[in-house]
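Dumped protein.cif below, it's mmCIF, C-alpha atoms:
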data_input
loop_
_atom_site.group_PDB
_atom_site.id
_atom_site.type_symbol
_atom_site.label_atom_id
_atom_site.label_comp_id
_atom_site.auth_asym_id
_atom_site.auth_seq_id
_atom_site.Cartn_x
_atom_site.Cartn_y
_atom_site.Cartn_z
ATOM 1 C CA MET A 59 138.076 221.966 164.867
ATOM 2 C CA ASN A 60 141.571 222.521 163.510
ATOM 3 C CA TRP A 61 142.559 219.126 164.914
ATOM 4 C CA LEU A 62 139.938 217.472 162.704
ATOM 5 C CA LYS A 63 141.288 219.179 159.588
ATOM 6 C CA GLU A 64 144.811 218.123 160.546
ATOM 7 C CA LEU A 65 143.621 214.561 161.098
ATOM 8 C CA VAL A 66 141.828 214.125 157.761
ATOM 9 C CA THR A 67 144.613 215.845 155.791
ATOM 10 C CA ASN A 68 147.530 214.039 157.459
ATOM 11 C CA PRO A 69 149.500 212.507 154.554
ATOM 12 C CA PHE A 70 150.982 209.777 156.765
ATOM 13 C CA LEU A 71 147.526 208.689 157.911
ATOM 14 C CA ILE A 72 146.019 208.986 154.419
ATOM 15 C CA THR A 73 148.824 206.893 152.911
ATOM 16 C CA SER A 74 148.572 204.176 155.558
ATOM 17 C CA CYS A 75 144.774 203.997 155.477
ATOM 18 C CA SER A 76 144.673 203.953 151.681
ATOM 19 C CA SER A 77 147.150 201.038 151.657
ATOM 20 C CA TRP A 78 144.938 199.137 154.079
ATOM 21 C CA PHE A 79 141.818 199.897 152.009
ATOM 22 C CA ILE A 80 143.439 198.833 148.723
ATOM 23 C CA ALA A 81 144.666 195.588 150.312
ATOM 24 C CA GLN A 82 141.211 194.822 151.692
ATOM 25 C CA VAL A 83 139.498 195.494 148.349
ATOM 26 C CA ILE A 84 142.010 193.219 146.598
ATOM 27 C CA LYS A 85 141.314 190.613 149.284
ATOM 28 C CA VAL A 86 137.563 190.751 148.528
ATOM 29 C CA ILE A 87 138.228 190.398 144.794
ATOM 30 C CA ILE A 88 140.624 187.458 145.204
ATOM 31 C CA ASN A 89 138.254 185.750 147.629
ATOM 32 C CA ALA A 90 135.348 186.230 145.175
ATOM 33 C CA CYS A 91 137.387 184.752 142.309
ATOM 34 C CA VAL A 92 138.486 181.745 144.354
ATOM 35 C CA ASN A 93 135.130 181.009 146.025
ATOM 36 C CA LYS A 94 132.864 182.193 143.170
ATOM 37 C CA LYS A 95 130.858 184.405 145.517
ATOM 38 C CA LEU A 96 131.182 187.911 146.875
ATOM 39 C CA ASP A 97 131.795 188.074 150.636
ATOM 40 C CA TRP A 98 131.809 191.675 151.848
ATOM 41 C CA GLU A 99 132.858 190.532 155.342
ATOM 42 C CA ARG A 100 136.340 189.972 153.868
ATOM 43 C CA LEU A 101 136.580 193.769 153.531
ATOM 44 C CA PHE A 102 137.103 193.986 157.295
ATOM 45 C CA GLY A 103 138.356 190.452 157.946
ATOM 46 C CA ASP A 104 141.811 189.305 158.950
ATOM 47 C CA GLY A 105 143.931 186.844 157.012
ATOM 48 C CA GLY A 106 143.992 186.298 153.286
ATOM 49 C CA MET A 107 145.836 187.756 150.318
ATOM 50 C CA PRO A 108 147.325 190.347 150.579
ATOM 51 C CA SER A 109 147.990 191.191 154.207
ATOM 52 C CA GLY A 110 146.266 194.478 155.021
ATOM 53 C CA HIS A 111 148.284 194.802 158.220
ATOM 54 C CA SER A 112 151.564 194.468 156.323
ATOM 55 C CA ALA A 113 150.424 196.900 153.626
ATOM 56 C CA THR A 114 149.447 199.471 156.242
ATOM 57 C CA VAL A 115 152.625 199.456 158.320
ATOM 58 C CA SER A 116 155.038 199.070 155.410
ATOM 59 C CA SER A 117 153.485 202.038 153.603
ATOM 60 C CA LEU A 118 153.762 204.097 156.785
ATOM 61 C CA ALA A 119 157.433 203.160 157.200
ATOM 62 C CA VAL A 120 158.361 203.871 153.578
ATOM 63 C CA PHE A 121 156.344 207.096 153.422
ATOM 64 C CA THR A 122 158.014 208.235 156.642
ATOM 65 C CA ALA A 123 161.446 207.409 155.198
ATOM 66 C CA LEU A 124 160.645 209.462 152.099
ATOM 67 C CA ARG A 125 159.308 212.419 154.110
ATOM 68 C CA CYS A 126 161.496 212.433 157.216
ATOM 69 C CA GLY A 127 164.601 210.545 156.093
ATOM 70 C CA CYS A 128 165.980 207.151 157.003
ATOM 71 C CA GLY A 129 167.964 208.674 159.875
ATOM 72 C CA SER A 130 164.923 210.132 161.633
ATOM 73 C CA PHE A 131 163.481 208.795 164.848
ATOM 74 C CA GLN A 132 160.063 208.797 163.143
ATOM 75 C CA PHE A 133 161.298 206.327 160.539
ATOM 76 C CA ALA A 134 162.963 204.189 163.217
ATOM 77 C CA VAL A 135 159.679 203.895 165.141
ATOM 78 C CA CYS A 136 157.690 203.078 161.997
ATOM 79 C CA ALA A 137 160.252 200.534 160.759
ATOM 80 C CA ILE A 138 160.306 198.677 164.082
ATOM 81 C CA LEU A 139 156.499 198.718 164.195
ATOM 82 C CA ALA A 140 156.357 197.311 160.653
ATOM 83 C CA ILE A 141 158.803 194.518 161.476
ATOM 84 C CA ILE A 142 156.834 193.520 164.578
ATOM 85 C CA VAL A 143 153.450 193.590 162.815
ATOM 86 C CA CYS A 144 154.652 191.619 159.778
ATOM 87 C CA HIS A 145 156.407 189.050 161.935
ATOM 88 C CA ASP A 146 153.348 188.669 164.143
ATOM 89 C CA ALA A 147 151.071 188.224 161.109
ATOM 90 C CA MET A 148 153.160 185.270 159.915
ATOM 91 C CA GLY A 149 153.919 183.869 163.337
ATOM 92 C CA VAL A 150 151.549 184.009 166.255
ATOM 93 C CA ARG A 151 148.416 184.915 164.285
ATOM 94 C CA GLN A 152 149.009 182.273 161.619
ATOM 95 C CA GLU A 153 149.556 179.603 164.281
ATOM 96 C CA ALA A 154 146.393 180.708 166.096
ATOM 97 C CA GLY A 155 144.472 180.185 162.855
ATOM 98 C CA LYS A 156 145.912 176.683 162.429
ATOM 99 C CA GLN A 157 144.956 175.843 166.013
ATOM 100 C CA ALA A 158 141.430 177.143 165.441
ATOM 101 C CA VAL A 159 141.032 174.777 162.467
ATOM 102 C CA VAL A 160 142.060 171.786 164.597
ATOM 103 C CA ILE A 161 139.871 172.782 167.545
ATOM 104 C CA ASN A 162 136.832 173.439 165.322
ATOM 105 C CA ASP A 163 137.303 170.014 163.681
ATOM 106 C CA MET A 164 137.611 168.319 167.067
ATOM 107 C CA VAL A 165 134.455 169.994 168.361
ATOM 108 C CA GLU A 166 132.582 168.991 165.194
ATOM 109 C CA GLN A 167 133.652 165.362 165.600
ATOM 110 C CA PHE A 168 132.655 165.304 169.278
ATOM 111 C CA GLU A 169 129.275 166.821 168.434
ATOM 112 C CA LYS A 170 128.672 164.127 165.801
ATOM 113 C CA LEU A 171 129.702 161.432 168.242
ATOM 114 C CA LEU A 172 127.542 162.771 171.088
ATOM 115 C CA LYS A 173 124.730 163.867 168.754
ATOM 116 C CA GLN A 174 124.469 167.206 170.535
ATOM 117 C CA ASP A 175 126.014 170.647 170.422
ATOM 118 C CA ILE A 176 128.933 171.174 172.755
ATOM 119 C CA VAL A 177 129.565 174.852 172.051
ATOM 120 C CA ASP A 178 127.637 177.353 169.993
ATOM 121 C CA ILE A 179 130.613 179.220 168.501
ATOM 122 C CA ASP A 180 133.226 178.493 165.875
ATOM 123 C CA LEU A 181 136.721 179.826 166.391
ATOM 124 C CA LYS A 182 137.888 182.278 163.749
ATOM 125 C CA GLU A 183 140.257 180.358 161.476
ATOM 126 C CA LEU A 184 141.434 183.019 159.050
ATOM 127 C CA VAL A 185 143.505 185.309 161.273
ATOM 128 C CA GLY A 186 147.100 185.016 160.132
ATOM 129 C CA HIS A 187 149.099 185.151 156.931
ATOM 130 C CA THR A 188 151.520 183.066 154.935
ATOM 131 C CA PRO A 189 154.884 184.623 154.094
ATOM 132 C CA LEU A 190 153.649 185.197 150.511
ATOM 133 C CA GLN A 191 150.578 187.083 151.753
ATOM 134 C CA VAL A 192 152.779 189.268 153.966
ATOM 135 C CA LEU A 193 155.218 189.874 151.105
ATOM 136 C CA ALA A 194 152.311 190.869 148.843
ATOM 137 C CA GLY A 195 151.077 193.287 151.515
ATOM 138 C CA ILE A 196 154.542 194.792 151.931
ATOM 139 C CA THR A 197 154.912 195.184 148.159
ATOM 140 C CA LEU A 198 151.530 196.876 147.909
ATOM 141 C CA GLY A 199 152.365 199.177 150.833
ATOM 142 C CA VAL A 200 155.748 200.184 149.414
ATOM 143 C CA ALA A 201 154.264 200.865 145.966
ATOM 144 C CA ASN A 202 151.435 202.941 147.453
ATOM 145 C CA ALA A 203 153.872 204.918 149.623
ATOM 146 C CA PHE A 204 155.905 205.887 146.547
ATOM 147 C CA LEU A 205 152.751 206.720 144.594
ATOM 148 C CA MET A 206 151.354 208.861 147.386
ATOM 149 C CA HIS A 207 154.694 210.610 148.021
ATOM 150 C CA PHE A 208 155.505 211.467 144.416
ATOM 151 C CA ALA A 209 152.108 211.652 142.669
ATOM 152 C CA VAL A 210 149.619 212.735 145.330
ATOM 153 C CA PHE A 211 151.566 214.798 147.852
ATOM 154 C CA GLY A 212 154.194 216.152 145.448
ATOM 155 C CA GLY A 213 157.307 214.739 147.078
#
Would you encode the structure as structure tokens?
Amino acid sequence: MNWLKELVTNPFLITSCSSWFIAQVIKVIINACVNKKLDWERLFGDGGMPSGHSATVSSLAVFTALRCGCGSFQFAVCAILAIIVCHDAMGVRQEAGKQAVVINDMVEQFEKLLKQDIVDIDLKELVGHTPLQVLAGITLGVANAFLMHFAVFGG
């Protein structure tokens, strides 16, 4: 059971997961303010402000830099991972969300025209992020990494 203790006390994992959790809670709050209703599904949903993916990987990269140094292979792996994830959030995933909006609208129009259901599912539209949402996630992740390094884990 030593592996379990190591897992739940791993500062890299704790920092990354806490960044994700904070981003998701902020996302629920922002969504509630904008839409005037509380939607707990946003806690685990993709898309929105700030990017939980970007917060997670950027905090891991910065925390790793603080703990292992910018010249370490660990930091190099985390930095490349963060770049790929953040780029993907703004690129492929954002475009997939835009396409889902168009396809859902087309299906809705066809169903009205034919007066019958064509498909019984809606494509998920909120999957990607704008550059501002990614930047907000990165900022949150960097701030949390510094907080965790210096205040929580005594760096």
Excluding region 101-114 of chain A and residues on its chain fewer than 6 positions from it, collect all residues at most 9 Å away from it, counting only C-alpha atoms, and give them as a VMD selection string. chain A and resid 73 to 86 88 to 89 140 to 141 143 to 144 147 151 to 152 155 183 to 188 190 to 200 202
Written selection (C-alpha atoms) as a compact mmCIF listing (two decimals), in the coordinates of the input:
# COMPACT_ATOMS: atom_id res chain seq x y z
CA THR A 73 148.82 206.89 152.91
CA SER A 74 148.57 204.18 155.56
CA CYS A 75 144.77 204.00 155.48
CA SER A 76 144.67 203.95 151.68
CA SER A 77 147.15 201.04 151.66
CA TRP A 78 144.94 199.14 154.08
CA PHE A 79 141.82 199.90 152.01
CA ILE A 80 143.44 198.83 148.72
CA ALA A 81 144.67 195.59 150.31
CA GLN A 82 141.21 194.82 151.69
CA VAL A 83 139.50 195.49 148.35
CA ILE A 84 142.01 193.22 146.60
CA LYS A 85 141.31 190.61 149.28
CA VAL A 86 137.56 190.75 148.53
CA ILE A 88 140.62 187.46 145.20
CA ASN A 89 138.25 185.75 147.63
CA ALA A 140 156.36 197.31 160.65
CA ILE A 141 158.80 194.52 161.48
CA VAL A 143 153.45 193.59 162.82
CA CYS A 144 154.65 191.62 159.78
CA ALA A 147 151.07 188.22 161.11
CA ARG A 151 148.42 184.92 164.28
CA GLN A 152 149.01 182.27 161.62
CA GLY A 155 144.47 180.18 162.85
CA GLU A 183 140.26 180.36 161.48
CA LEU A 184 141.43 183.02 159.05
CA VAL A 185 143.50 185.31 161.27
CA GLY A 186 147.10 185.02 160.13
CA HIS A 187 149.10 185.15 156.93
CA THR A 188 151.52 183.07 154.94
CA LEU A 190 153.65 185.20 150.51
CA GLN A 191 150.58 187.08 151.75
CA VAL A 192 152.78 189.27 153.97
CA LEU A 193 155.22 189.87 151.10
CA ALA A 194 152.31 190.87 148.84
CA GLY A 195 151.08 193.29 151.51
CA ILE A 196 154.54 194.79 151.93
CA THR A 197 154.91 195.18 148.16
CA LEU A 198 151.53 196.88 147.91
CA GLY A 199 152.36 199.18 150.83
CA VAL A 200 155.75 200.18 149.41
CA ASN A 202 151.44 202.94 147.45
A straight line from CA of Ala203 (chain A) to CA of Ser117 (chain A) spans 4.9 Å
Which residues are close to Asp180 (chain A), i.e. within 10 Å by all atoms listed in the file, leaving aside same-chain residues fewer than 4 positions away? Reply as an mmCIF file with C-alpha atoms, in the frame of the given file.
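This is the output file selection-v9.cif:
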data_model
loop_
_atom_site.group_PDB
_atom_site.id
_atom_site.type_symbol
_atom_site.label_atom_id
_atom_site.label_comp_id
_atom_site.auth_asym_id
_atom_site.auth_seq_id
_atom_site.Cartn_x
_atom_site.Cartn_y
_atom_site.Cartn_z
ATOM 1 C CA ALA A 158 141.430 177.143 165.441
ATOM 2 C CA VAL A 159 141.032 174.777 162.467
ATOM 3 C CA ILE A 161 139.871 172.782 167.545
ATOM 4 C CA ASN A 162 136.832 173.439 165.322
ATOM 5 C CA ASP A 163 137.303 170.014 163.681
ATOM 6 C CA VAL A 165 134.455 169.994 168.361
ATOM 7 C CA GLU A 166 132.582 168.991 165.194
#
How far is it from CA of Gln132 (chain A) to CA of Gly212 (chain A), in Å with one decimal?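 That distance, rounded to one decimal, is 20.0 Å.
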Straight-line distance linking CA of Val135 (chain A) with CA of Ala119 (chain A), stated in Å to one decimal: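 Result for CA of Val135 (chain A) versus CA of Ala119 (chain A): 8.3 Å, one decimal.
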Taking 4 positions as the minimum chain separation for residues in the same chain, which residues sit within 8 Å of Phe70 (chain A) when counting only C-alpha atoms? Answer as a ChimeraX atom specification. /A:74,118,121-122
For the residues in the current selection, export C-alpha atoms as a PDB file, in the coordinates of the input.
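Printed below is out10.pdb as written:
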ATOM      1  CA  SER A  74     148.572 204.176 155.558  1.00  0.00           C
ATOM      2  CA  LEU A 118     153.762 204.097 156.785  1.00  0.00           C
ATOM      3  CA  PHE A 121     156.344 207.096 153.422  1.00  0.00           C
ATOM      4  CA  THR A 122     158.014 208.235 156.642  1.00  0.00           C
TER       5      THR A 122
END
Could you give me the axis-aligned bounding box of region 205-213 of chain A, with 6 Å of padding per side, as centre plus edge lengths in Å to one decimal, as AutoDock Vina command-line options?
--center_x 153.5 --center_y 211.4 --center_z 145.3 --size_x 19.7 --size_y 21.4 --size_z 17.4
